[in-house]
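Containing mmCIF, C-alpha atoms: model_12.cif.
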data_work
loop_
_atom_site.label_atom_id
_atom_site.label_comp_id
_atom_site.auth_asym_id
_atom_site.auth_seq_id
_atom_site.Cartn_x
_atom_site.Cartn_y
_atom_site.Cartn_z
CA MET W 1 -5.59 -78.99 -57.93
CA SER W 2 -7.53 -75.78 -57.52
CA LEU W 3 -7.06 -75.90 -53.76
CA LEU W 4 -3.34 -76.41 -54.19
CA SER W 5 -3.06 -73.40 -56.48
CA LYS W 6 -4.98 -71.32 -53.94
CA LEU W 7 -2.58 -72.46 -51.24
CA GLY W 8 0.33 -71.54 -53.50
CA GLU W 9 -1.11 -68.08 -54.00
CA THR W 10 -1.49 -67.71 -50.25
CA LEU W 11 2.14 -68.64 -49.78
CA ILE W 12 3.23 -66.08 -52.38
CA CYS W 13 1.15 -63.43 -50.67
CA LEU W 14 2.59 -64.29 -47.26
CA LYS W 15 6.10 -64.25 -48.64
CA ALA W 16 5.65 -60.79 -50.11
CA GLY W 17 4.79 -59.29 -46.74
CA ARG W 18 3.87 -55.63 -46.51
CA VAL W 19 4.85 -53.69 -49.60
CA THR W 20 2.97 -50.44 -48.99
CA LEU W 21 5.28 -47.46 -48.62
CA PRO W 22 4.65 -45.21 -45.61
CA TYR W 23 4.80 -42.30 -47.99
CA PRO W 24 3.75 -38.96 -46.47
CA ALA W 25 5.30 -39.94 -43.13
CA LYS W 26 8.61 -41.15 -44.55
CA ALA W 27 9.87 -40.31 -48.01
CA GLU W 28 11.62 -42.79 -50.23
CA PRO W 29 14.71 -41.56 -52.10
CA VAL W 30 14.05 -40.87 -55.76
CA ALA W 31 16.05 -42.26 -58.64
CA GLU W 32 19.40 -40.73 -59.54
CA ASN W 33 18.34 -39.45 -62.94
CA PHE W 34 14.99 -38.11 -61.83
CA ARG W 35 14.40 -34.54 -62.94
CA GLY W 36 12.35 -32.39 -60.61
CA ARG W 37 11.87 -28.67 -60.33
CA PRO W 38 14.59 -26.58 -62.01
CA ILE W 39 16.46 -24.25 -59.67
CA PHE W 40 17.75 -20.98 -61.09
CA ASP W 41 21.01 -19.65 -59.66
CA ALA W 42 21.02 -15.88 -59.94
CA ALA W 43 24.73 -15.61 -59.12
CA LYS W 44 25.73 -17.64 -62.16
CA CYS W 45 23.10 -16.45 -64.64
CA ILE W 46 24.37 -14.06 -67.29
CA GLY W 47 20.96 -13.39 -68.76
CA CYS W 48 21.62 -14.75 -72.25
CA GLY W 49 18.06 -16.02 -72.56
CA GLY W 50 19.04 -19.38 -74.05
CA CYS W 51 16.74 -21.20 -71.66
CA ALA W 52 13.84 -19.05 -72.80
CA ASN W 53 14.65 -19.78 -76.43
CA ASN W 54 14.86 -23.51 -75.89
CA CYS W 55 11.93 -24.09 -73.54
CA PRO W 56 9.43 -26.25 -75.45
CA ALA W 57 6.57 -25.07 -73.27
CA ARG W 58 7.62 -21.39 -73.57
CA GLU W 59 7.45 -21.09 -69.83
CA ILE W 60 10.58 -19.01 -69.27
CA LEU W 61 9.92 -15.40 -70.17
CA VAL W 62 12.46 -12.62 -70.61
CA TYR W 63 11.57 -8.98 -70.10
CA ASP W 64 13.97 -6.11 -70.72
CA VAL W 65 12.44 -3.50 -68.49
CA CYS W 66 15.24 -0.97 -68.96
CA GLN W 67 18.67 -0.75 -70.50
CA GLU W 68 20.56 -2.47 -67.71
CA LEU W 69 18.03 -4.76 -66.11
CA ARG W 70 16.67 -7.99 -67.51
CA ILE W 71 13.91 -9.87 -65.76
CA LEU W 72 13.76 -13.62 -66.27
CA LYS W 73 10.55 -15.26 -65.17
CA TYR W 74 10.03 -18.97 -64.78
CA LEU W 75 6.35 -19.62 -64.21
CA GLY W 76 6.48 -23.40 -63.99
CA ARG W 77 2.82 -24.05 -64.69
CA ARG W 78 3.27 -26.10 -67.83
CA CYS W 79 6.91 -27.00 -67.31
CA THR W 80 7.44 -30.60 -68.35
CA TYR W 81 10.79 -30.89 -66.52
CA CYS W 82 12.49 -31.88 -69.75
CA GLY W 83 15.80 -30.34 -68.62
CA ARG W 84 16.58 -28.60 -71.89
CA CYS W 85 17.14 -25.29 -70.11
CA ALA W 86 19.74 -26.94 -67.89
CA ASP W 87 21.38 -28.53 -70.95
CA VAL W 88 21.63 -25.32 -72.93
CA CYS W 89 22.72 -23.04 -70.09
CA PRO W 90 26.34 -22.01 -70.80
CA GLU W 91 27.09 -21.12 -67.18
CA LYS W 92 25.30 -24.15 -65.65
CA ALA W 93 23.10 -21.76 -63.68
CA ILE W 94 20.07 -24.05 -63.93
CA THR W 95 20.12 -27.34 -62.09
CA MET W 96 17.35 -29.89 -62.20
CA SER W 97 16.69 -30.64 -58.55
CA GLN W 98 14.94 -33.74 -57.26
CA GLU W 99 12.07 -31.85 -55.65
CA PHE W 100 8.78 -33.27 -56.78
CA GLU W 101 6.52 -32.25 -53.90
CA ASN W 102 5.27 -29.15 -55.63
CA ALA W 103 1.57 -29.54 -54.89
CA THR W 104 0.05 -26.19 -54.03
CA ASN W 105 -3.25 -24.42 -53.88
CA GLN W 106 -1.94 -21.34 -55.70
CA ILE W 107 -0.29 -21.80 -59.04
CA GLY W 108 1.94 -18.75 -58.44
CA ASP W 109 3.83 -20.63 -55.74
CA ILE W 110 6.06 -22.42 -58.23
CA ARG W 111 7.17 -19.16 -59.85
CA GLN W 112 10.80 -18.07 -59.88
CA GLN W 113 11.95 -14.62 -60.91
CA LEU W 114 15.46 -13.28 -61.44
CA ASP W 115 16.38 -9.65 -61.93
CA ILE W 116 19.72 -9.70 -63.69
CA PHE W 117 22.03 -6.77 -64.20
CA MET W 118 23.23 -6.60 -67.78
CA SER W 119 26.35 -4.78 -68.92
CA THR W 120 25.79 -2.61 -71.93
CA CYS W 121 28.21 -1.64 -74.65
CA GLN W 122 29.13 2.03 -74.32
CA ARG W 123 29.09 2.46 -78.06
CA CYS W 124 26.12 0.56 -79.42
CA GLY W 125 24.07 0.32 -76.24
CA ARG W 126 23.33 -3.37 -76.52
CA CYS W 127 23.83 -5.95 -73.84
CA PHE W 128 26.86 -8.17 -74.04
CA LYS W 129 28.35 -11.03 -72.13
CA ALA W 130 31.14 -10.03 -69.79
CA PRO W 131 34.48 -11.03 -71.39
CA SER W 132 36.27 -14.02 -70.01
CA LEU W 133 39.75 -13.88 -68.55
CA MET W 134 41.41 -15.03 -71.76
CA GLU W 135 39.55 -12.46 -73.83
CA GLU W 136 40.59 -9.72 -71.45
CA LEU W 137 44.22 -10.76 -71.82
CA LYS W 138 43.92 -10.52 -75.59
CA MET W 139 42.42 -7.03 -75.40
CA LYS W 140 45.47 -5.35 -73.95
CA GLY W 141 44.91 -1.75 -72.95
CA TYR W 142 41.17 -1.94 -73.18
CA ARG W 143 40.49 -2.11 -69.47
CA PHE W 144 40.05 1.27 -67.88
CA ASP W 145 39.18 0.28 -64.34
CA ASP W 146 40.73 -1.80 -61.61
CA LEU W 147 38.27 -4.23 -60.18
CA GLN W 148 40.33 -5.09 -57.09
CA ASN W 149 40.33 -1.59 -55.63
CA GLU W 150 37.80 0.34 -57.55
CA ARG W 151 39.66 3.61 -57.15
CA TRP W 152 42.76 3.22 -59.29
CA VAL W 153 42.43 3.41 -62.98
CA TYR W 154 45.21 2.21 -65.21
CA ARG W 155 45.33 3.88 -68.57
CA SER W 156 47.56 2.01 -70.95
CA GLN W 157 49.07 3.67 -73.99
CA ALA W 158 49.99 0.40 -75.61
CA ARG W 159 47.41 0.41 -78.35
CA LEU W 160 47.62 4.07 -79.26
CA GLU W 161 50.96 3.97 -81.01
CA GLY W 162 52.24 1.69 -83.66
CA ASP W 163 50.24 -0.60 -85.88
CA PRO W 164 47.18 -2.36 -84.48
CA VAL W 165 47.76 -6.01 -83.75
CA VAL W 166 44.19 -7.24 -83.74
CA ASP W 167 41.17 -6.00 -85.64
CA ASP W 168 39.40 -5.03 -82.45
CA VAL W 169 41.96 -2.31 -81.84
CA ALA W 170 41.13 -0.70 -85.16
CA ILE W 171 37.49 -0.64 -84.20
CA GLU W 172 38.36 0.88 -80.86
CA LEU W 173 40.36 3.65 -82.51
CA ASP W 174 37.48 4.88 -84.67
CA MET M 1 -11.06 -21.35 -44.07
CA LEU M 2 -10.84 -23.69 -47.00
CA LYS M 3 -8.55 -25.95 -44.99
CA ASN M 4 -10.99 -26.09 -42.08
CA LEU M 5 -13.83 -26.75 -44.45
CA CYS M 6 -11.85 -29.53 -46.08
CA GLN M 7 -11.02 -31.15 -42.77
CA LYS M 8 -14.63 -30.89 -41.69
CA MET M 9 -16.33 -32.02 -44.84
CA PHE M 10 -13.77 -34.49 -46.16
CA GLY M 11 -12.59 -35.87 -42.85
CA ARG M 12 -13.70 -39.40 -43.44
CA SER M 13 -12.91 -40.27 -47.00
CA LEU M 14 -12.51 -38.79 -50.41
CA TRP M 15 -14.14 -40.43 -53.35
CA VAL M 16 -12.37 -39.39 -56.45
CA TYR M 17 -13.56 -39.21 -60.00
CA HIS M 18 -11.01 -39.46 -62.71
CA ALA M 19 -11.62 -37.07 -65.59
CA ASN M 20 -9.30 -37.09 -68.55
CA SER M 21 -10.09 -34.26 -70.94
CA GLY M 22 -7.56 -34.97 -73.63
CA GLY M 23 -4.32 -35.90 -71.92
CA CYS M 24 -1.78 -38.44 -73.09
CA ASN M 25 -2.64 -41.07 -70.41
CA GLY M 26 0.64 -40.54 -68.60
CA CYS M 27 -1.03 -38.89 -65.62
CA ASP M 28 -3.82 -41.52 -65.70
CA ILE M 29 -1.27 -44.24 -65.23
CA GLU M 30 0.36 -42.38 -62.35
CA VAL M 31 -3.03 -41.84 -60.67
CA LEU M 32 -3.84 -45.52 -61.02
CA ASN M 33 -0.38 -46.31 -59.69
CA ALA M 34 -1.15 -44.20 -56.62
CA LEU M 35 -4.22 -46.38 -56.02
CA THR M 36 -2.32 -49.67 -56.18
CA PRO M 37 -1.28 -51.48 -52.97
CA TYR M 38 2.26 -50.22 -53.38
CA TYR M 39 1.27 -46.63 -52.60
CA ASP M 40 -2.17 -47.53 -51.24
CA ALA M 41 -4.13 -44.30 -51.30
CA GLU M 42 -7.02 -46.11 -49.63
CA ARG M 43 -5.21 -45.59 -46.34
CA PHE M 44 -6.56 -42.06 -46.53
CA GLY M 45 -9.98 -43.26 -47.59
CA ILE M 46 -9.44 -42.38 -51.23
CA LYS M 47 -11.56 -44.50 -53.50
CA LEU M 48 -12.00 -44.34 -57.21
CA VAL M 49 -15.62 -44.12 -58.32
CA GLY M 50 -17.00 -44.31 -61.80
CA SER M 51 -19.51 -41.49 -61.71
CA PRO M 52 -19.10 -37.80 -60.84
CA ARG M 53 -22.38 -37.96 -58.91
CA HIS M 54 -20.70 -40.16 -56.29
CA ALA M 55 -17.51 -38.18 -56.11
CA ASP M 56 -16.11 -35.49 -53.80
CA VAL M 57 -12.95 -34.86 -55.75
CA MET M 58 -12.37 -34.57 -59.45
CA LEU M 59 -8.90 -35.44 -60.68
CA CYS M 60 -8.42 -33.55 -63.93
CA GLN M 61 -5.81 -34.67 -66.37
CA GLY M 62 -5.06 -33.15 -69.69
CA PRO M 63 -5.78 -29.64 -70.92
CA ALA M 64 -9.23 -28.26 -71.56
CA MET M 65 -9.78 -28.96 -75.20
CA ARG M 66 -12.31 -27.68 -77.63
CA SER M 67 -13.97 -31.08 -77.94
CA THR M 68 -14.10 -31.97 -74.24
CA ALA M 69 -14.57 -28.65 -72.45
CA GLN M 70 -18.35 -28.89 -72.33
CA ALA M 71 -18.26 -32.49 -71.11
CA LEU M 72 -15.78 -31.50 -68.39
CA LYS M 73 -18.02 -28.67 -67.29
CA ARG M 74 -21.06 -30.96 -67.16
CA ALA M 75 -19.14 -33.54 -65.13
CA TYR M 76 -18.12 -30.81 -62.72
CA GLU M 77 -21.69 -29.59 -62.36
CA ALA M 78 -22.88 -33.14 -61.71
CA MET M 79 -20.74 -33.46 -58.59
CA PRO M 80 -22.48 -32.81 -55.24
CA ALA M 81 -21.80 -29.52 -53.56
CA PRO M 82 -18.61 -29.54 -51.42
CA LYS M 83 -16.26 -30.44 -54.20
CA LEU M 84 -12.56 -30.23 -54.84
CA VAL M 85 -10.81 -30.20 -58.18
CA PHE M 86 -7.23 -31.36 -58.50
CA ALA M 87 -5.35 -30.38 -61.62
CA ILE M 88 -2.80 -33.15 -62.11
CA GLY M 89 0.05 -32.72 -64.50
CA SER M 90 1.44 -29.89 -66.55
CA CYS M 91 -1.41 -30.00 -69.05
CA ALA M 92 -4.11 -29.50 -66.45
CA CYS M 93 -2.11 -26.91 -64.53
CA GLY M 94 -0.95 -24.75 -67.40
CA GLY M 95 -2.06 -26.12 -70.74
CA GLY M 96 0.85 -28.38 -71.55
CA VAL M 97 3.43 -28.15 -74.26
CA TRP M 98 0.77 -27.73 -76.94
CA PHE M 99 -0.92 -24.89 -75.11
CA ASP M 100 -1.09 -22.69 -78.19
CA SER M 101 -2.47 -25.15 -80.69
CA TYR M 102 -5.93 -24.93 -82.17
CA SER M 103 -7.67 -27.69 -80.28
CA VAL M 104 -6.35 -26.75 -76.84
CA ILE M 105 -8.21 -24.07 -74.91
CA GLY M 106 -5.71 -24.00 -72.05
CA PRO M 107 -5.53 -25.10 -68.43
CA VAL M 108 -8.62 -26.64 -66.91
CA GLU M 109 -9.03 -23.61 -64.67
CA LYS M 110 -10.37 -21.79 -67.70
CA ILE M 111 -13.38 -24.10 -67.59
CA ILE M 112 -13.82 -25.14 -63.95
CA PRO M 113 -12.41 -23.70 -60.70
CA VAL M 114 -9.33 -25.62 -59.53
CA THR M 115 -8.46 -25.91 -55.84
CA TYR M 116 -5.15 -27.78 -55.92
CA TYR M 117 -2.41 -27.99 -58.50
CA ILE M 118 0.03 -30.86 -58.83
CA PRO M 119 2.59 -29.99 -61.52
CA GLY M 120 4.74 -32.61 -63.17
CA CYS M 121 4.87 -34.35 -66.48
CA PRO M 122 3.65 -36.77 -65.23
CA PRO M 123 3.81 -36.16 -61.48
CA ARG M 124 5.13 -39.06 -59.48
CA PRO M 125 2.57 -41.10 -57.54
CA GLU M 126 4.20 -39.73 -54.41
CA ALA M 127 3.59 -36.20 -55.66
CA ILE M 128 -0.11 -36.98 -56.19
CA ILE M 129 -0.38 -38.49 -52.71
CA TYR M 130 1.45 -35.45 -51.37
CA GLY M 131 -1.09 -33.17 -53.02
CA VAL M 132 -3.93 -35.12 -51.47
CA ALA M 133 -2.18 -34.99 -48.10
CA VAL M 134 -1.83 -31.20 -48.46
CA ALA M 135 -5.53 -31.01 -49.20
CA LEU M 136 -6.36 -33.14 -46.17
CA GLY M 137 -4.12 -31.02 -43.96
CA LEU M 138 -1.70 -33.85 -43.11
CA VAL M 139 1.37 -31.99 -44.37
CA ASN M 140 2.19 -28.39 -45.25
CA LYS M 141 2.97 -27.29 -48.76
CA LYS M 142 6.64 -26.83 -49.48
CA THR M 143 6.64 -24.45 -52.43
CA ALA M 144 6.92 -20.69 -52.26
CA PRO M 145 7.70 -18.18 -55.00
CA VAL M 146 11.39 -17.34 -55.38
CA GLU M 147 12.45 -13.85 -56.35
CA PHE M 148 15.97 -12.52 -56.77
CA LYS M 149 16.49 -8.79 -57.02
CA GLU M 150 19.62 -6.71 -57.61
CA LEU M 151 19.77 -4.15 -54.83
CA GLU M 152 22.50 -2.07 -56.44
CA LEU M 153 24.16 -2.25 -59.80
CA PRO M 154 27.37 -4.20 -59.24
CA ILE M 155 29.84 -2.13 -61.26
CA PRO M 156 30.68 1.52 -60.55
CA ARG M 157 30.01 4.12 -63.18
CA TYR M 158 32.96 6.32 -64.07
CA HIS M 159 32.99 9.67 -65.69
CA PRO M 160 36.16 11.02 -67.32
CA ASP M 161 35.71 14.49 -65.76
CA ASP M 162 36.32 13.03 -62.31
CA LEU M 163 39.71 11.57 -63.21
CA GLY M 164 42.64 13.27 -61.58
CA GLY M 165 46.43 12.94 -61.78
CA ASP M 166 48.51 12.44 -64.88
CA GLY M 167 50.86 9.94 -66.39
CA GLU M 168 50.00 6.30 -66.46
CA MET M 169 48.37 6.14 -63.03
CA VAL M 170 45.32 8.30 -62.57
CA VAL M 171 43.12 8.59 -59.51
CA TYR M 172 39.41 8.41 -59.72
CA GLU M 173 38.28 10.90 -57.14
CA LYS M 174 34.60 10.26 -56.92
CA ALA M 175 34.06 6.50 -56.75
CA GLU M 176 30.37 6.03 -56.30
CA LYS M 177 28.12 3.12 -56.81
CA VAL M 178 25.12 3.81 -58.91
#
Same coordinates, now as structure tokens:
Amino acid sequence: MSLLSKLGETLICLKAGRVTLPYPAKAEPVAENFRGRPIFDAAKCIGCGGCANNCPAREILVYDVCQELRILKYLGRRCTYCGRCADVCPEKAITMSQEFENATNQIGDIRQQLDIFMSTCQRCGRCFKAPSLMEELKMKGYRFDDLQNERWVYRSQARLEGDPVVDDVAIELD
Amino acid sequence: MLKNLCQKMFGRSLWVYHANSGGCNGCDIEVLNALTPYYDAERFGIKLVGSPRHADVMLCQGPAMRSTAQALKRAYEAMPAPKLVFAIGSCACGGGVWFDSYSVIGPVEKIIPVTYYIPGCPPRPEAIIYGVAVALGLVNKKTAPVEFKELELPIPRYHPDDLGGDGEMVVYEKAEKV
């Protein structure tokens, strides 16, 4: 009986074959929903700082070095790859990549730093999010520059006469 | 220099000692998973030993805590001289999510010198094997710091004195980027 069970075990072991992965030579694909290192896209980032507010490890730091420049630092040392920054990002500028091979001998190697230009309000001096296309359409006559050829400036008189249509116009007229 | 030293001194096999100084056991399980036949770290001569006096490498998991910092330091001092310390997981690399609580001192590098960092919460067994392979010189590290800088401010700055023309269309004469 014991011998038979040993033989059975041998058969199971032979049937399994070689299971060891040839890992550092040949990488296996990771699972679909695996979250690796977050990648910050500077072109999409608007510098709202929502990722820094929501990071449980407080590992995304925001520095306002001057009026128009905001520095966003991701240090990555104690990042738990929870993906909350990617969830909360309104512009989807943070993507959780599937890179997990982050082993390094210097902890500064997993740092990411973005210097983001911030528009400032001419009146109050605070940073604001650039208005979307729909908001620009609502604010008729507010635009004073032409973004397509930066030379021509269109000055509309539409809001200066007659009653204001939206409240924003009243604020602008002060 | 460190790489040459590693290849010289640790060319044959690494005996690892597994020190948990207050982690949640997630990284422990991944380390033990890396030692199973599925990943088979013994291909590289890695063997788990029970005493720091037998070990070349200390695998640190968990942050340095108030209650275990002295024990961690004594375990490090008990290891024989050419020694490596791997900080495995976010807690050991940077202090973890509870880095600012009372009982946590911080990353283990506040207590003992760390040679290699493997971030992750927990890191995959592949990531741990990759870190060991980087230390052995089998593969090169892939990470490098990423910096993005604005070279010039993207919108032009206008001044009303430079506007010319009249009527609805005016010409901005001095279009300059700041």
task = Please evaluate the PyMOL selection byres ((chain M) within 6 of (chain W)) against the displayed coordinates and give the resulting residues as a ChimeraX atom specification.
result = /M:37-39,90,93-94,96-97,115-118,121,127,131,143-149,168-172
key: Point-to-point distance in Å for atom CA of W:Leu61 and atom CA of W:Val88   = 15.6 Å
key: Target residues per the PyMOL selection byres ((chain M and resi 22) around 7), formatted as a ChimeraX atom specification   = /M:20-21,23-24,62-63,65
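Take atom CA of M:Leu14 and atom CA of M:Gly95: the distance between them is 26.1 Å.
For the atom pair formed by atom CA of M:Ser13 and atom CA of M:Pro119, the distance is 23.6 Å, given to one decimal.
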Given the file shown, enumerate the residues that the PyMOL selection byres ((chain M and resi 110) around 12) captures and present them as a PDB file with C-alpha atoms, keeping the file's coordinate frame.
ATOM      1  CA  PRO M  63      -5.780 -29.640 -70.920  1.00  0.00           C
ATOM      2  CA  ALA M  64      -9.230 -28.260 -71.560  1.00  0.00           C
ATOM      3  CA  MET M  65      -9.780 -28.960 -75.200  1.00  0.00           C
ATOM      4  CA  ARG M  66     -12.310 -27.680 -77.630  1.00  0.00           C
ATOM      5  CA  ALA M  69     -14.570 -28.650 -72.450  1.00  0.00           C
ATOM      6  CA  GLN M  70     -18.350 -28.890 -72.330  1.00  0.00           C
ATOM      7  CA  LEU M  72     -15.780 -31.500 -68.390  1.00  0.00           C
ATOM      8  CA  LYS M  73     -18.020 -28.670 -67.290  1.00  0.00           C
ATOM      9  CA  ALA M  87      -5.350 -30.380 -61.620  1.00  0.00           C
ATOM     10  CA  ALA M  92      -4.110 -29.500 -66.450  1.00  0.00           C
ATOM     11  CA  CYS M  93      -2.110 -26.910 -64.530  1.00  0.00           C
ATOM     12  CA  GLY M  94      -0.950 -24.750 -67.400  1.00  0.00           C
ATOM     13  CA  GLY M  95      -2.060 -26.120 -70.740  1.00  0.00           C
ATOM     14  CA  VAL M 104      -6.350 -26.750 -76.840  1.00  0.00           C
ATOM     15  CA  ILE M 105      -8.210 -24.070 -74.910  1.00  0.00           C
ATOM     16  CA  GLY M 106      -5.710 -24.000 -72.050  1.00  0.00           C
ATOM     17  CA  PRO M 107      -5.530 -25.100 -68.430  1.00  0.00           C
ATOM     18  CA  VAL M 108      -8.620 -26.640 -66.910  1.00  0.00           C
ATOM     19  CA  GLU M 109      -9.030 -23.610 -64.670  1.00  0.00           C
ATOM     20  CA  ILE M 111     -13.380 -24.100 -67.590  1.00  0.00           C
ATOM     21  CA  ILE M 112     -13.820 -25.140 -63.950  1.00  0.00           C
ATOM     22  CA  PRO M 113     -12.410 -23.700 -60.700  1.00  0.00           C
ATOM     23  CA  VAL M 114      -9.330 -25.620 -59.530  1.00  0.00           C
TER      24      VAL M 114
END
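For W:Asp87, the residues within 10 Å (counting all atoms listed in the file, excluding itself and residues fewer than 6 positions away along the chain) are Gly50, Cys51, Asn54, Ile94, Thr95 and Met96 of chain W.
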ask   = Using only C-alpha atoms, which of the listed residues (W:Phe34, W:Ile46, W:Arg84, W:Ile12) sits closest to M:Gly120?
value = W:Phe34
Centre and edge lengths, as lines of an AutoDock Vina configuration file, for the axis-aligned box enclosing every listed atom of stretch 50-66 of chain W with 5 Å of padding on each of the six sides, in Å to one decimal?
center_x = 12.8
center_y = -13.6
center_z = -72.5
size_x = 22.5
size_y = 35.3
size_z = 17.9
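Residue neighbourhood of M:Val31, excluding near-sequence residues (fewer than 5 positions): His18, Gly26, Leu59, Ile88, Pro123, Arg124, Pro125 and Ile128 of chain M, at 9 Å, using all atoms listed in the file.
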For stretch 84-104 of chain M, where the input has fewer atoms than it should, I would like N, CA and C atoms rebuilt and written as a PDB file, keeping the file's coordinate frame.
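Everything below was put into selection.pdb:
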ATOM      1  N   LEU M  84     -13.924 -30.659 -54.578  1.00  0.00           N
ATOM      2  CA  LEU M  84     -12.560 -30.230 -54.840  1.00  0.00           C
ATOM      3  C   LEU M  84     -12.191 -30.637 -56.248  1.00  0.00           C
ATOM      4  N   VAL M  85     -11.339 -29.833 -56.864  1.00  0.00           N
ATOM      5  CA  VAL M  85     -10.810 -30.200 -58.180  1.00  0.00           C
ATOM      6  C   VAL M  85      -9.300 -30.177 -58.080  1.00  0.00           C
ATOM      7  N   PHE M  86      -8.682 -31.269 -58.435  1.00  0.00           N
ATOM      8  CA  PHE M  86      -7.230 -31.360 -58.500  1.00  0.00           C
ATOM      9  C   PHE M  86      -6.826 -31.309 -59.963  1.00  0.00           C
ATOM     10  N   ALA M  87      -5.932 -30.389 -60.280  1.00  0.00           N
ATOM     11  CA  ALA M  87      -5.350 -30.380 -61.620  1.00  0.00           C
ATOM     12  C   ALA M  87      -4.042 -31.135 -61.548  1.00  0.00           C
ATOM     13  N   ILE M  88      -3.973 -32.282 -62.205  1.00  0.00           N
ATOM     14  CA  ILE M  88      -2.800 -33.150 -62.110  1.00  0.00           C
ATOM     15  C   ILE M  88      -2.039 -33.091 -63.411  1.00  0.00           C
ATOM     16  N   GLY M  89      -0.790 -32.738 -63.327  1.00  0.00           N
ATOM     17  CA  GLY M  89       0.050 -32.720 -64.500  1.00  0.00           C
ATOM     18  C   GLY M  89       0.169 -31.335 -65.097  1.00  0.00           C
ATOM     19  N   SER M  90       1.180 -31.189 -65.964  1.00  0.00           N
ATOM     20  CA  SER M  90       1.440 -29.890 -66.550  1.00  0.00           C
ATOM     21  C   SER M  90       0.323 -29.432 -67.469  1.00  0.00           C
ATOM     22  N   CYS M  91      -0.345 -30.389 -68.122  1.00  0.00           N
ATOM     23  CA  CYS M  91      -1.410 -30.000 -69.050  1.00  0.00           C
ATOM     24  C   CYS M  91      -2.565 -29.378 -68.288  1.00  0.00           C
ATOM     25  N   ALA M  92      -2.971 -30.009 -67.197  1.00  0.00           N
ATOM     26  CA  ALA M  92      -4.110 -29.500 -66.450  1.00  0.00           C
ATOM     27  C   ALA M  92      -3.748 -28.216 -65.709  1.00  0.00           C
ATOM     28  N   CYS M  93      -2.493 -28.102 -65.279  1.00  0.00           N
ATOM     29  CA  CYS M  93      -2.110 -26.910 -64.530  1.00  0.00           C
ATOM     30  C   CYS M  93      -1.930 -25.707 -65.448  1.00  0.00           C
ATOM     31  N   GLY M  94      -1.297 -25.920 -66.595  1.00  0.00           N
ATOM     32  CA  GLY M  94      -0.950 -24.750 -67.400  1.00  0.00           C
ATOM     33  C   GLY M  94      -1.239 -24.876 -68.885  1.00  0.00           C
ATOM     34  N   GLY M  95      -1.751 -25.987 -69.330  1.00  0.00           N
ATOM     35  CA  GLY M  95      -2.060 -26.120 -70.740  1.00  0.00           C
ATOM     36  C   GLY M  95      -1.139 -27.052 -71.504  1.00  0.00           C
ATOM     37  N   GLY M  96      -0.027 -27.422 -70.897  1.00  0.00           N
ATOM     38  CA  GLY M  96       0.850 -28.380 -71.550  1.00  0.00           C
ATOM     39  C   GLY M  96       1.709 -27.769 -72.624  1.00  0.00           C
ATOM     40  N   VAL M  97       2.485 -28.633 -73.257  1.00  0.00           N
ATOM     41  CA  VAL M  97       3.430 -28.150 -74.260  1.00  0.00           C
ATOM     42  C   VAL M  97       2.696 -27.602 -75.475  1.00  0.00           C
ATOM     43  N   TRP M  98       1.517 -28.175 -75.776  1.00  0.00           N
ATOM     44  CA  TRP M  98       0.770 -27.730 -76.940  1.00  0.00           C
ATOM     45  C   TRP M  98      -0.313 -26.737 -76.541  1.00  0.00           C
ATOM     46  N   PHE M  99       0.065 -25.817 -75.658  1.00  0.00           N
ATOM     47  CA  PHE M  99      -0.920 -24.890 -75.110  1.00  0.00           C
ATOM     48  C   PHE M  99      -1.452 -23.937 -76.165  1.00  0.00           C
ATOM     49  N   ASP M 100      -0.688 -23.700 -77.227  1.00  0.00           N
ATOM     50  CA  ASP M 100      -1.090 -22.690 -78.190  1.00  0.00           C
ATOM     51  C   ASP M 100      -1.623 -23.276 -79.490  1.00  0.00           C
ATOM     52  N   SER M 101      -1.950 -24.577 -79.456  1.00  0.00           N
ATOM     53  CA  SER M 101      -2.470 -25.150 -80.690  1.00  0.00           C
ATOM     54  C   SER M 101      -3.977 -24.937 -80.764  1.00  0.00           C
ATOM     55  N   TYR M 102      -4.531 -25.267 -81.913  1.00  0.00           N
ATOM     56  CA  TYR M 102      -5.930 -24.930 -82.170  1.00  0.00           C
ATOM     57  C   TYR M 102      -6.876 -25.635 -81.221  1.00  0.00           C
ATOM     58  N   SER M 103      -6.668 -26.915 -81.001  1.00  0.00           N
ATOM     59  CA  SER M 103      -7.670 -27.690 -80.280  1.00  0.00           C
ATOM     60  C   SER M 103      -7.567 -27.529 -78.778  1.00  0.00           C
ATOM     61  N   VAL M 104      -6.522 -26.894 -78.284  1.00  0.00           N
ATOM     62  CA  VAL M 104      -6.350 -26.750 -76.840  1.00  0.00           C
ATOM     63  C   VAL M 104      -6.828 -25.372 -76.405  1.00  0.00           C
TER      64      VAL M 104
END
